[in-house]
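Asker: The structure that follows is given in the form of structure tokens.
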Amino acid sequence: MLKHLLYTLVLGSGFAFGQPAAENPLSAGNKMMFGMAKNNILKSAEKMPEENYSFKPTPEVRNFGALVGHVADASYMFCSAVLGEKAPVSGVEKGKTAKADLVAALDAAFKYCDKAYDGLTDATASELVKFFGSDRAKLSVLSFNNMHDFEHYGNMVTYLRLKGIVPPSSEPRAPAPVKK
């Protein structure tokens, strides 16, 4: 069971699994998890048809498009704190409704976050930044970002399933190559 779970989470996500870099195992491992989340979230945003971007499973929750926008906005918030910058973009959730615009905004937000993850090393991971009114380690802020991304990927999975769409992490995969 554990082997299948790891296969689904890591290989099934389309993200190559490998050992974190020996010189930066904490930051490299955190970056690997971000890669898994962003891959699945972007693929979900692309798979959902435009006409379902306004879909809400219940009246109390965000529609799919707002969920995509929320992830983009939050990505800028988390990663700008780590980069020591003002978030360059905000209001995606409230300001965009078209699929193409939301997917482009999400992709741009993830590329912005790539700078934060790429710039983090184990030596800088414990540096403190202001986040939600408190001093937080950079690694903690990016870990929180990962948790937030996976939380909302879980929401997206539900939305996709309700529309009869197989989520990216559940798509059939070719078997792993056999080592000789």
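All residue names refer to the structure tokens as shown: chains lettered A, B, ... in order, residues numbered from 1 in each chain, ligands numbered from 1 in order.
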Could you build a table of the residues in stretch 64-110 of chain A lying no more than 12 Å from stretch 156-168 of chain A, giving for each the nearest pair of atoms and their separation in Å rounded to one decimal place, using only C-alpha atoms, ordered by chain and ascending residue number, as JSON lines?
Answerer:
{"residue": "A:Phe64", "atom": "CA", "partner": "A:Tyr159", "partner_atom": "CA", "distance": 7.1}
{"residue": "A:Gly65", "atom": "CA", "partner": "A:Met156", "partner_atom": "CA", "distance": 10.1}
{"residue": "A:Ala66", "atom": "CA", "partner": "A:Met156", "partner_atom": "CA", "distance": 11.0}
{"residue": "A:Leu67", "atom": "CA", "partner": "A:Met156", "partner_atom": "CA", "distance": 7.9}
{"residue": "A:Val68", "atom": "CA", "partner": "A:Met156", "partner_atom": "CA", "distance": 8.7}
{"residue": "A:His70", "atom": "CA", "partner": "A:Met156", "partner_atom": "CA", "distance": 11.9}
{"residue": "A:Val71", "atom": "CA", "partner": "A:Met156", "partner_atom": "CA", "distance": 10.9}
Asker: For the residues in the current selection, export C-alpha atoms as an mmCIF file, in the first residue's frame.
Answerer:
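Okay, this is what ended up in part_23.cif:
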data_model
loop_
_atom_site.group_PDB
_atom_site.id
_atom_site.type_symbol
_atom_site.label_atom_id
_atom_site.label_comp_id
_atom_site.auth_asym_id
_atom_site.auth_seq_id
_atom_site.Cartn_x
_atom_site.Cartn_y
_atom_site.Cartn_z
ATOM 1 C CA PHE A 64 -13.505 26.358 -9.616
ATOM 2 C CA GLY A 65 -12.212 29.534 -11.249
ATOM 3 C CA ALA A 66 -12.122 31.397 -7.936
ATOM 4 C CA LEU A 67 -10.217 28.474 -6.439
ATOM 5 C CA VAL A 68 -7.592 28.767 -9.194
ATOM 6 C CA HIS A 70 -7.108 32.005 -4.834
ATOM 7 C CA VAL A 71 -4.122 29.682 -5.261
#
Asker: So which residues of chain A fall under alpha helix (DSSP H) by DSSP, listed as a PyMOL selection string?
Answerer: chain A and resi 2-6+25-47+64-83+92-95+99-119+138-162
Asker: Grab the residues selected above and save them as an mmCIF file, in the first residue's frame with C-alpha atoms.
Answerer:
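Everything below was put into selection.cif:
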data_model
loop_
_atom_site.group_PDB
_atom_site.id
_atom_site.type_symbol
_atom_site.label_atom_id
_atom_site.label_comp_id
_atom_site.auth_asym_id
_atom_site.auth_seq_id
_atom_site.Cartn_x
_atom_site.Cartn_y
_atom_site.Cartn_z
ATOM 1 C CA LEU A 2 2.754 2.465 0.954
ATOM 2 C CA LYS A 3 4.612 1.665 -2.250
ATOM 3 C CA HIS A 4 1.462 2.403 -4.282
ATOM 4 C CA LEU A 5 0.886 5.659 -2.370
ATOM 5 C CA LEU A 6 4.438 6.839 -3.018
ATOM 6 C CA PRO A 25 18.353 18.220 1.735
ATOM 7 C CA LEU A 26 15.719 20.315 3.563
ATOM 8 C CA SER A 27 15.271 23.049 0.986
ATOM 9 C CA ALA A 28 15.608 20.625 -1.943
ATOM 10 C CA GLY A 29 12.991 18.300 -0.467
ATOM 11 C CA ASN A 30 10.615 21.209 0.107
ATOM 12 C CA LYS A 31 11.167 22.376 -3.484
ATOM 13 C CA MET A 32 10.414 18.865 -4.744
ATOM 14 C CA MET A 33 7.062 18.907 -2.902
ATOM 15 C CA PHE A 34 6.266 22.299 -4.437
ATOM 16 C CA GLY A 35 6.997 20.866 -7.871
ATOM 17 C CA MET A 36 4.497 18.077 -7.271
ATOM 18 C CA ALA A 37 1.805 20.488 -6.080
ATOM 19 C CA LYS A 38 2.231 23.026 -8.865
ATOM 20 C CA ASN A 39 2.274 20.299 -11.514
ATOM 21 C CA ASN A 40 -1.009 18.805 -10.305
ATOM 22 C CA ILE A 41 -2.699 22.169 -9.773
ATOM 23 C CA LEU A 42 -1.713 23.510 -13.203
ATOM 24 C CA LYS A 43 -2.811 20.302 -14.910
ATOM 25 C CA SER A 44 -6.129 20.467 -13.034
ATOM 26 C CA ALA A 45 -6.685 24.056 -14.121
ATOM 27 C CA GLU A 46 -5.944 23.052 -17.712
ATOM 28 C CA LYS A 47 -8.142 19.918 -17.637
ATOM 29 C CA PHE A 64 -13.505 26.358 -9.616
ATOM 30 C CA GLY A 65 -12.212 29.534 -11.249
ATOM 31 C CA ALA A 66 -12.122 31.397 -7.936
ATOM 32 C CA LEU A 67 -10.217 28.474 -6.439
ATOM 33 C CA VAL A 68 -7.592 28.767 -9.194
ATOM 34 C CA GLY A 69 -7.387 32.523 -8.581
ATOM 35 C CA HIS A 70 -7.108 32.005 -4.834
ATOM 36 C CA VAL A 71 -4.122 29.682 -5.261
ATOM 37 C CA ALA A 72 -2.447 32.285 -7.495
ATOM 38 C CA ASP A 73 -3.054 35.091 -4.973
ATOM 39 C CA ALA A 74 -1.844 32.992 -2.057
ATOM 40 C CA SER A 75 1.267 31.942 -3.965
ATOM 41 C CA TYR A 76 2.256 35.570 -4.406
ATOM 42 C CA MET A 77 1.583 36.236 -0.717
ATOM 43 C CA PHE A 78 3.694 33.319 0.570
ATOM 44 C CA CYS A 79 6.563 33.677 -1.868
ATOM 45 C CA SER A 80 6.842 37.471 -1.706
ATOM 46 C CA ALA A 81 7.350 37.166 2.056
ATOM 47 C CA VAL A 82 10.243 34.763 1.509
ATOM 48 C CA LEU A 83 11.718 36.969 -1.211
ATOM 49 C CA VAL A 92 -6.570 37.386 -9.238
ATOM 50 C CA GLU A 93 -9.442 35.586 -7.499
ATOM 51 C CA LYS A 94 -11.725 38.613 -7.608
ATOM 52 C CA GLY A 95 -10.524 40.082 -10.907
ATOM 53 C CA LYS A 99 -10.070 30.094 -17.908
ATOM 54 C CA ALA A 100 -7.213 31.364 -20.105
ATOM 55 C CA ASP A 101 -6.649 34.365 -17.833
ATOM 56 C CA LEU A 102 -6.754 32.274 -14.666
ATOM 57 C CA VAL A 103 -4.423 29.569 -15.988
ATOM 58 C CA ALA A 104 -1.964 32.250 -17.144
ATOM 59 C CA ALA A 105 -2.156 33.992 -13.755
ATOM 60 C CA LEU A 106 -1.621 30.705 -11.919
ATOM 61 C CA ASP A 107 1.361 29.827 -14.107
ATOM 62 C CA ALA A 108 2.874 33.290 -13.507
ATOM 63 C CA ALA A 109 2.360 32.952 -9.746
ATOM 64 C CA PHE A 110 4.071 29.563 -9.709
ATOM 65 C CA LYS A 111 6.978 30.954 -11.752
ATOM 66 C CA TYR A 112 7.281 33.750 -9.212
ATOM 67 C CA CYS A 113 7.376 31.144 -6.440
ATOM 68 C CA ASP A 114 10.065 29.215 -8.309
ATOM 69 C CA LYS A 115 12.382 32.136 -7.485
ATOM 70 C CA ALA A 116 11.698 31.700 -3.771
ATOM 71 C CA TYR A 117 12.222 27.933 -3.813
ATOM 72 C CA ASP A 118 15.269 28.162 -6.121
ATOM 73 C CA GLY A 119 16.892 30.767 -3.879
ATOM 74 C CA LYS A 138 11.645 30.987 5.338
ATOM 75 C CA LEU A 139 11.420 27.191 5.209
ATOM 76 C CA SER A 140 8.281 27.309 7.379
ATOM 77 C CA VAL A 141 6.603 29.832 5.081
ATOM 78 C CA LEU A 142 7.358 27.738 1.988
ATOM 79 C CA SER A 143 6.222 24.574 3.789
ATOM 80 C CA PHE A 144 2.976 26.362 4.641
ATOM 81 C CA ASN A 145 2.676 27.269 0.946
ATOM 82 C CA ASN A 146 3.041 23.595 0.043
ATOM 83 C CA MET A 147 0.364 22.591 2.561
ATOM 84 C CA HIS A 148 -1.946 25.280 1.210
ATOM 85 C CA ASP A 149 -1.356 24.136 -2.373
ATOM 86 C CA PHE A 150 -2.053 20.495 -1.521
ATOM 87 C CA GLU A 151 -5.164 21.482 0.448
ATOM 88 C CA HIS A 152 -6.580 23.234 -2.588
ATOM 89 C CA TYR A 153 -5.438 20.538 -4.975
ATOM 90 C CA GLY A 154 -7.652 18.254 -2.871
ATOM 91 C CA ASN A 155 -10.548 20.661 -3.463
ATOM 92 C CA MET A 156 -9.809 20.636 -7.192
ATOM 93 C CA VAL A 157 -9.819 16.830 -7.221
ATOM 94 C CA THR A 158 -13.356 16.877 -5.827
ATOM 95 C CA TYR A 159 -14.533 19.432 -8.391
ATOM 96 C CA LEU A 160 -12.963 17.440 -11.231
ATOM 97 C CA ARG A 161 -14.420 14.135 -10.023
ATOM 98 C CA LEU A 162 -17.887 15.661 -9.720
#
Asker: State, in Å with one decimal place, the distance from atom CA of A:Ser126 to atom CA of A:Gly84.
Answerer: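 It comes out at 14.1 Å.
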Asker: For the structure I just gave you, how does DSSP split stretch 4-176 of chain A - specifically, which residues are strand (DSSP E)? Reply as an MDAnalysis selection string.
Answerer: chainID A and resid 128:131 134:137
Asker: How many Å separate atom CA of A:Thr58 from atom CA of A:Gly91?
Answerer: 23.0 Å
